[in-house]
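Here is the structure we will look at, set down as structure tokens.
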Amino acid sequence: MGVHFVQIVMAVIVGLALTQLANLATTVYLHRDLAHRAVQLNPVLRAFFKVFLWMATGICARQWAAVHRKHHAFTDEVEDPHSPARLGWVRVQLTNAALYRRSARDPRTTERYARDIPVSRADRFLLNRGIVGLGLGVAILVLWLGWLPGVVAAVVHTVGYIGLGGSVNGVAHTFGRRPFDNSATNVTWLAWLTCGEGYHNNHHAAPTSARFARRWYHFDLGWWFISAAQRLRLARVRHHDVDSLANRPTVTAPA
């Protein structure tokens with residue numbers, strides 16, 4: 001019994017760690033690099049993140065970037081793929097992945113919002129097949145941890161990643177502070193759990209900034225990773241100052 005308990009605890013820890021690694025890959029590669037071109041990662045680092053996300057989440061990078069760009073183009077308007085102002089934050093929180101998927105399946109989304117993102121041979125024959133990536137990822141966990149701990153780790157990771165993604169689009173467009181004049185919000189606790197994505201109001205104010213936080217002591221793990229990669233010449237930053245890119249902030253009470 002003791003051995004099984006330790007294995008399950010280890011599986012939960014592995015699942016949570018995978019969630020944070022996936023969040024880091026999402027914010028650094030999918031969001032700040034691919035979708036907004038705020039940073040340009042080294043091709044090897046970019047390929048690593050892309051393959052990791054394929055196995056950990058089944059995400060097609062080009063589709064994710066297209067849906068996110070559409071969100072910025074129509075924030076809280078009719079064509080916004082996941083607006084809590086229209087759908088309610090609870091629905092976005094619980095069905096965010098499905099809302100992304102529905103928009104991604106519309107070929108017009110990628111045709112219009114991902115024209116600059118090429119489709120490689122690896123994408124065409126393998127990396128666009130999310131179910132294959134997910135199957136491989138689960139198989140690796142099962143071979144590493146055993147069948148039950150492997151499944152537990154996969155479930156913990158899946159629930160954590162989908163739940164936090166839903167919070168960025170739901171909670172961080174509903175609750176929190178709005179120092180800049182846009183419908184997104186800053187939610188500090190969410191920034192800690194999503195590698196900086198919780199500073200969503202800052203991001204909507206300055207989408208091309210590779211840094212989401214405005215102060216050095218704000219927890220923006222994505223930016224800290226990018227800064228370290230830049231020092232190692234593994235990344236080139238386009239912009240990193242929210243205040244210089246955004247409109248003048250306004251003083252508001254918590255939403």
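Chain labels follow the order of the structure tokens: the first chain is A, the next B, and so on; residue numbering restarts at 1 in every chain, and ligands are counted from 1 in their shown order.
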- Item | DSSP strand (DSSP E) selection over region 18-250 of chain A, as an NGL selection string | :A and (39-41 or 235-237)
Please produce a file of the residues just selected, as a CSV table (one decimal), in the first residue's frame, where the atoms kept are N, CA and C atoms.
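Written output follows (selection-v9.csv):
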chain,number,residue,atom,x,y,z
A,39,VAL,N,9.3,37.9,-29.7
A,39,VAL,CA,10.6,37.3,-29.6
A,39,VAL,C,10.8,36.3,-30.7
A,40,GLN,N,12.0,36.2,-31.1
A,40,GLN,CA,12.4,35.2,-32.1
A,40,GLN,C,13.3,34.1,-31.4
A,41,LEU,N,12.8,32.9,-31.2
A,41,LEU,CA,13.6,31.9,-30.6
A,41,LEU,C,14.5,31.2,-31.6
A,235,ALA,N,17.7,33.5,-28.3
A,235,ALA,CA,16.5,34.3,-28.5
A,235,ALA,C,16.8,35.7,-28.8
A,236,ARG,N,16.0,36.4,-29.7
A,236,ARG,CA,16.2,37.8,-30.0
A,236,ARG,C,14.8,38.5,-29.6
A,237,VAL,N,14.9,39.5,-28.8
A,237,VAL,CA,13.7,40.2,-28.3
A,237,VAL,C,13.4,41.4,-29.2
Mind running region 10-61 of chain A against region 209-212 of chain A at 9 Å and telling me each contacting residue's nearest atom pair with the distance in Å (one decimal), counting only C-alpha atoms, chain and number ascending, as CSV?
residue,atom,partner,partner_atom,distance
A:Val28,CA,A:Ala210,CA,8.4
A:Arg32,CA,A:Ala210,CA,5.8
A:Asp33,CA,A:Ala210,CA,8.1
A:His36,CA,A:Ser209,CA,8.4
A:Arg37,CA,A:Ala210,CA,8.4
A:Ala38,CA,A:Ala210,CA,4.9
A:Val39,CA,A:Ala210,CA,6.0
- Item | helix (DSSP H, G or I) residues, from DSSP on the backbone, in region 29-254 of chain A, as a PyMOL selection string | chain A and resi 29-35+43-56+61-73+84-87+89-105+107-113+121-127+130-145+147-169+171-173+188-193+200-205+221-231+242-245
Got a sec: who's within 12 Å of Arg102 (chain A), counting only C-alpha atoms, leaving out chain neighbours fewer than 5 positions off, as a compact mmCIF listing (two decimals) with N, CA and C atoms, in the first residue's frame?
# COMPACT_ATOMS: atom_id res chain seq x y z
N GLN A 63 -2.44 26.53 -35.85
CA GLN A 63 -3.85 26.78 -35.54
C GLN A 63 -3.98 27.58 -34.25
N TRP A 64 -3.16 27.26 -33.24
CA TRP A 64 -3.24 27.99 -31.98
C TRP A 64 -2.95 29.47 -32.21
N VAL A 67 -5.94 31.21 -34.02
CA VAL A 67 -7.09 31.47 -33.15
C VAL A 67 -6.79 32.60 -32.18
N ASP A 80 -15.04 36.96 -31.74
CA ASP A 80 -14.06 36.50 -30.75
C ASP A 80 -14.35 35.03 -30.46
N PRO A 81 -13.36 34.14 -30.63
CA PRO A 81 -13.62 32.70 -30.43
C PRO A 81 -13.98 32.31 -29.01
N HIS A 82 -13.56 33.11 -28.02
CA HIS A 82 -13.79 32.69 -26.63
C HIS A 82 -13.96 33.91 -25.71
N THR A 95 -15.09 25.25 -21.11
CA THR A 95 -15.08 24.73 -22.49
C THR A 95 -14.06 25.45 -23.38
N ASN A 96 -13.06 26.06 -22.77
CA ASN A 96 -12.09 26.84 -23.54
C ASN A 96 -11.43 26.03 -24.65
N ALA A 97 -11.03 24.80 -24.31
CA ALA A 97 -10.35 23.96 -25.31
C ALA A 97 -11.27 23.67 -26.49
N PRO A 107 -11.33 26.51 -41.71
CA PRO A 107 -10.14 26.80 -42.52
C PRO A 107 -9.92 28.28 -42.76
N ARG A 108 -10.98 29.07 -42.67
CA ARG A 108 -10.83 30.52 -42.86
C ARG A 108 -9.99 31.16 -41.76
N THR A 109 -10.00 30.55 -40.58
CA THR A 109 -9.22 31.10 -39.46
C THR A 109 -7.73 31.06 -39.76
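Here CA of Val132 (chain A) stands at a distance of 22.1 Å from CA of Ala11 (chain A).
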- One-decimal distance in Å that lies between CA of Ala61 (chain A) and CA of Pro43 (chain A): 14.3 Å
- Item | Non-local contacts of Thr26 (chain A) (12 Å; only C-alpha atoms; under 4 positions in same chain excluded) as a ChimeraX atom specification | /A:18-22,30-35,46,48-54,56-57,59-61,64-65,68,161-162,164-165,194-197,221-222
Prev. selection, N, CA and C atoms, output as a compact mmCIF listing (two decimals), in the first residue's frame:
# COMPACT_ATOMS: atom_id res chain seq x y z
N LEU A 18 4.61 18.67 -15.61
CA LEU A 18 4.33 18.71 -17.04
C LEU A 18 3.42 19.89 -17.39
N THR A 19 2.45 20.17 -16.51
CA THR A 19 1.56 21.30 -16.75
C THR A 19 2.35 22.60 -16.79
N GLN A 20 3.27 22.78 -15.86
CA GLN A 20 4.05 24.01 -15.85
C GLN A 20 5.00 24.10 -17.04
N LEU A 21 5.59 22.98 -17.43
CA LEU A 21 6.44 22.99 -18.62
C LEU A 21 5.62 23.32 -19.87
N ALA A 22 4.41 22.79 -19.95
CA ALA A 22 3.54 23.09 -21.08
C ALA A 22 3.12 24.55 -21.07
N LEU A 30 4.36 29.51 -28.33
CA LEU A 30 3.12 29.74 -29.05
C LEU A 30 2.67 31.20 -28.98
N HIS A 31 2.73 31.78 -27.79
CA HIS A 31 2.14 33.10 -27.57
C HIS A 31 3.09 34.24 -27.95
N ARG A 32 4.24 34.31 -27.28
CA ARG A 32 5.11 35.46 -27.46
C ARG A 32 5.94 35.38 -28.74
N ASP A 33 6.29 34.18 -29.15
CA ASP A 33 7.07 34.02 -30.38
C ASP A 33 6.17 33.89 -31.60
N LEU A 34 5.42 32.80 -31.69
CA LEU A 34 4.71 32.49 -32.92
C LEU A 34 3.55 33.44 -33.19
N ALA A 35 2.71 33.69 -32.20
CA ALA A 35 1.51 34.49 -32.43
C ALA A 35 1.80 35.98 -32.59
N ARG A 46 12.85 26.42 -30.64
CA ARG A 46 11.48 26.48 -31.16
C ARG A 46 10.98 25.07 -31.52
N PHE A 48 12.04 22.24 -30.28
CA PHE A 48 11.85 21.47 -29.05
C PHE A 48 10.50 21.77 -28.43
N PHE A 49 10.16 23.06 -28.29
CA PHE A 49 8.88 23.43 -27.71
C PHE A 49 7.72 22.91 -28.55
N LYS A 50 7.86 22.97 -29.84
CA LYS A 50 6.79 22.54 -30.73
C LYS A 50 6.51 21.05 -30.58
N VAL A 51 7.56 20.25 -30.55
CA VAL A 51 7.39 18.81 -30.43
C VAL A 51 6.89 18.45 -29.03
N PHE A 52 7.42 19.13 -28.01
CA PHE A 52 6.97 18.87 -26.65
C PHE A 52 5.47 19.15 -26.51
N LEU A 53 5.00 20.29 -27.04
CA LEU A 53 3.58 20.62 -26.95
C LEU A 53 2.73 19.64 -27.75
N TRP A 54 3.26 19.15 -28.84
CA TRP A 54 2.55 18.15 -29.64
C TRP A 54 2.28 16.89 -28.82
N ALA A 56 2.51 16.75 -25.39
CA ALA A 56 1.90 17.05 -24.09
C ALA A 56 0.48 17.57 -24.20
N THR A 57 0.14 18.19 -25.34
CA THR A 57 -1.19 18.81 -25.46
C THR A 57 -1.92 18.48 -26.75
N ILE A 59 -1.54 20.10 -29.46
CA ILE A 59 -1.81 21.37 -30.12
C ILE A 59 -1.09 21.47 -31.46
N CYS A 60 -1.80 21.95 -32.46
CA CYS A 60 -1.20 22.33 -33.74
C CYS A 60 -0.80 23.79 -33.60
N ALA A 61 0.49 24.07 -33.64
CA ALA A 61 1.00 25.41 -33.34
C ALA A 61 0.41 26.48 -34.25
N TRP A 64 -3.16 27.26 -33.24
CA TRP A 64 -3.24 27.99 -31.98
C TRP A 64 -2.95 29.47 -32.21
N ALA A 65 -1.90 29.75 -32.97
CA ALA A 65 -1.54 31.14 -33.24
C ALA A 65 -2.65 31.86 -34.00
N HIS A 68 -5.57 32.63 -31.66
CA HIS A 68 -5.22 33.69 -30.72
C HIS A 68 -5.18 35.06 -31.41
N TYR A 161 -3.67 21.79 -17.31
CA TYR A 161 -3.37 22.63 -18.47
C TYR A 161 -4.64 23.23 -19.06
N ILE A 162 -5.67 22.43 -19.23
CA ILE A 162 -6.93 22.94 -19.78
C ILE A 162 -7.58 23.94 -18.83
N LEU A 164 -6.12 25.90 -16.52
CA LEU A 164 -5.39 27.16 -16.46
C LEU A 164 -5.55 27.95 -17.76
N GLY A 165 -5.59 27.24 -18.89
CA GLY A 165 -5.84 27.92 -20.16
C GLY A 165 -7.20 28.59 -20.18
N THR A 194 0.72 30.45 -14.42
CA THR A 194 0.76 30.35 -15.88
C THR A 194 1.99 31.02 -16.49
N CYS A 195 3.05 31.14 -15.71
CA CYS A 195 4.31 31.68 -16.23
C CYS A 195 4.18 33.12 -16.74
N GLY A 196 3.28 33.89 -16.13
CA GLY A 196 3.13 35.29 -16.50
C GLY A 196 1.88 35.62 -17.27
N GLU A 197 1.14 34.62 -17.75
CA GLU A 197 -0.04 34.88 -18.57
C GLU A 197 -1.14 35.62 -17.82
N LEU A 221 7.53 34.26 -15.34
CA LEU A 221 8.53 33.23 -15.63
C LEU A 221 8.84 33.15 -17.12
N GLY A 222 7.83 33.39 -17.96
CA GLY A 222 8.07 33.38 -19.40
C GLY A 222 9.12 34.41 -19.80
- Message: Which residue is closest to Arg129 (chain A)? Choose from A:Gly58, A:Gly88, A:Gly166, A:Gly198 and count only C-alpha atoms.
- Response: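 Of the candidates, the smallest distance to Arg129 (chain A) is held by A:Gly58.
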- Query: Which residues come within 12 Å of region 77-79 of chain A, counting only C-alpha atoms, excluding same-chain residues fewer than 3 positions away, as a PyMOL selection string?
  - Reply: chain A and resi 67-74+82-87+99+103+109+183
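Distances here use only C-alpha atoms; by that measure, the residue among A:His240, A:Arg101, A:Arg177, A:Arg233 closest to Val44 (chain A) is A:Arg233.
Using only C-alpha atoms, the protein and nucleic acid residues lying no more than 9 Å from Asn182 (chain A), apart from those fewer than 3 places from it along its own chain, are Arg178, Pro179, Thr185, Asn201, His204 and Ala205 of chain A.
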Go ahead and save the picked residues with N, CA and C atoms, as an mmCIF file, in the first residue's frame.
data_model
loop_
_atom_site.group_PDB
_atom_site.id
_atom_site.type_symbol
_atom_site.label_atom_id
_atom_site.label_comp_id
_atom_site.auth_asym_id
_atom_site.auth_seq_id
_atom_site.Cartn_x
_atom_site.Cartn_y
_atom_site.Cartn_z
ATOM 1 N N ARG A 178 -7.521 46.436 -14.071
ATOM 2 C CA ARG A 178 -7.389 46.925 -15.444
ATOM 3 C C ARG A 178 -6.618 48.248 -15.450
ATOM 4 N N PRO A 179 -5.304 48.199 -15.325
ATOM 5 C CA PRO A 179 -4.527 49.447 -15.365
ATOM 6 C C PRO A 179 -4.540 50.100 -16.744
ATOM 7 N N THR A 185 -7.805 41.562 -17.870
ATOM 8 C CA THR A 185 -7.465 41.943 -16.497
ATOM 9 C C THR A 185 -6.120 41.345 -16.094
ATOM 10 N N ASN A 201 -4.115 41.966 -18.900
ATOM 11 C CA ASN A 201 -4.419 43.341 -19.274
ATOM 12 C C ASN A 201 -3.183 44.010 -19.860
ATOM 13 N N HIS A 204 -2.702 42.682 -23.452
ATOM 14 C CA HIS A 204 -3.605 43.257 -24.451
ATOM 15 C C HIS A 204 -3.260 44.716 -24.743
ATOM 16 N N ALA A 205 -2.675 45.388 -23.780
ATOM 17 C CA ALA A 205 -2.251 46.771 -24.005
ATOM 18 C C ALA A 205 -1.025 46.842 -24.900
#
Can you write out as CSV which residues of region 133-204 of chain A fall within 12 Å of region 113-127 of chain A, alongside each residue's closest atom pair and its distance in Å to one decimal, counting only C-alpha atoms and ordering rows by chain and ascending residue number?
residue,atom,partner,partner_atom,distance
A:Gly133,CA,A:Leu127,CA,7.2
A:Leu134,CA,A:Leu127,CA,10.6
A:Leu136,CA,A:Leu126,CA,11.7
- Kindly give the distance, in Å, that separates CA of Ala229 (chain A) and CA of Trp189 (chain A), rounded to a single decimal.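 For CA of Ala229 (chain A) relative to CA of Trp189 (chain A), the distance reads 25.0 Å.
Proximity of A:Met55, A:Ala213, A:Val14, A:Ala228 to Ile131 (chain A), computed with only C-alpha atoms, is greatest for A:Met55.
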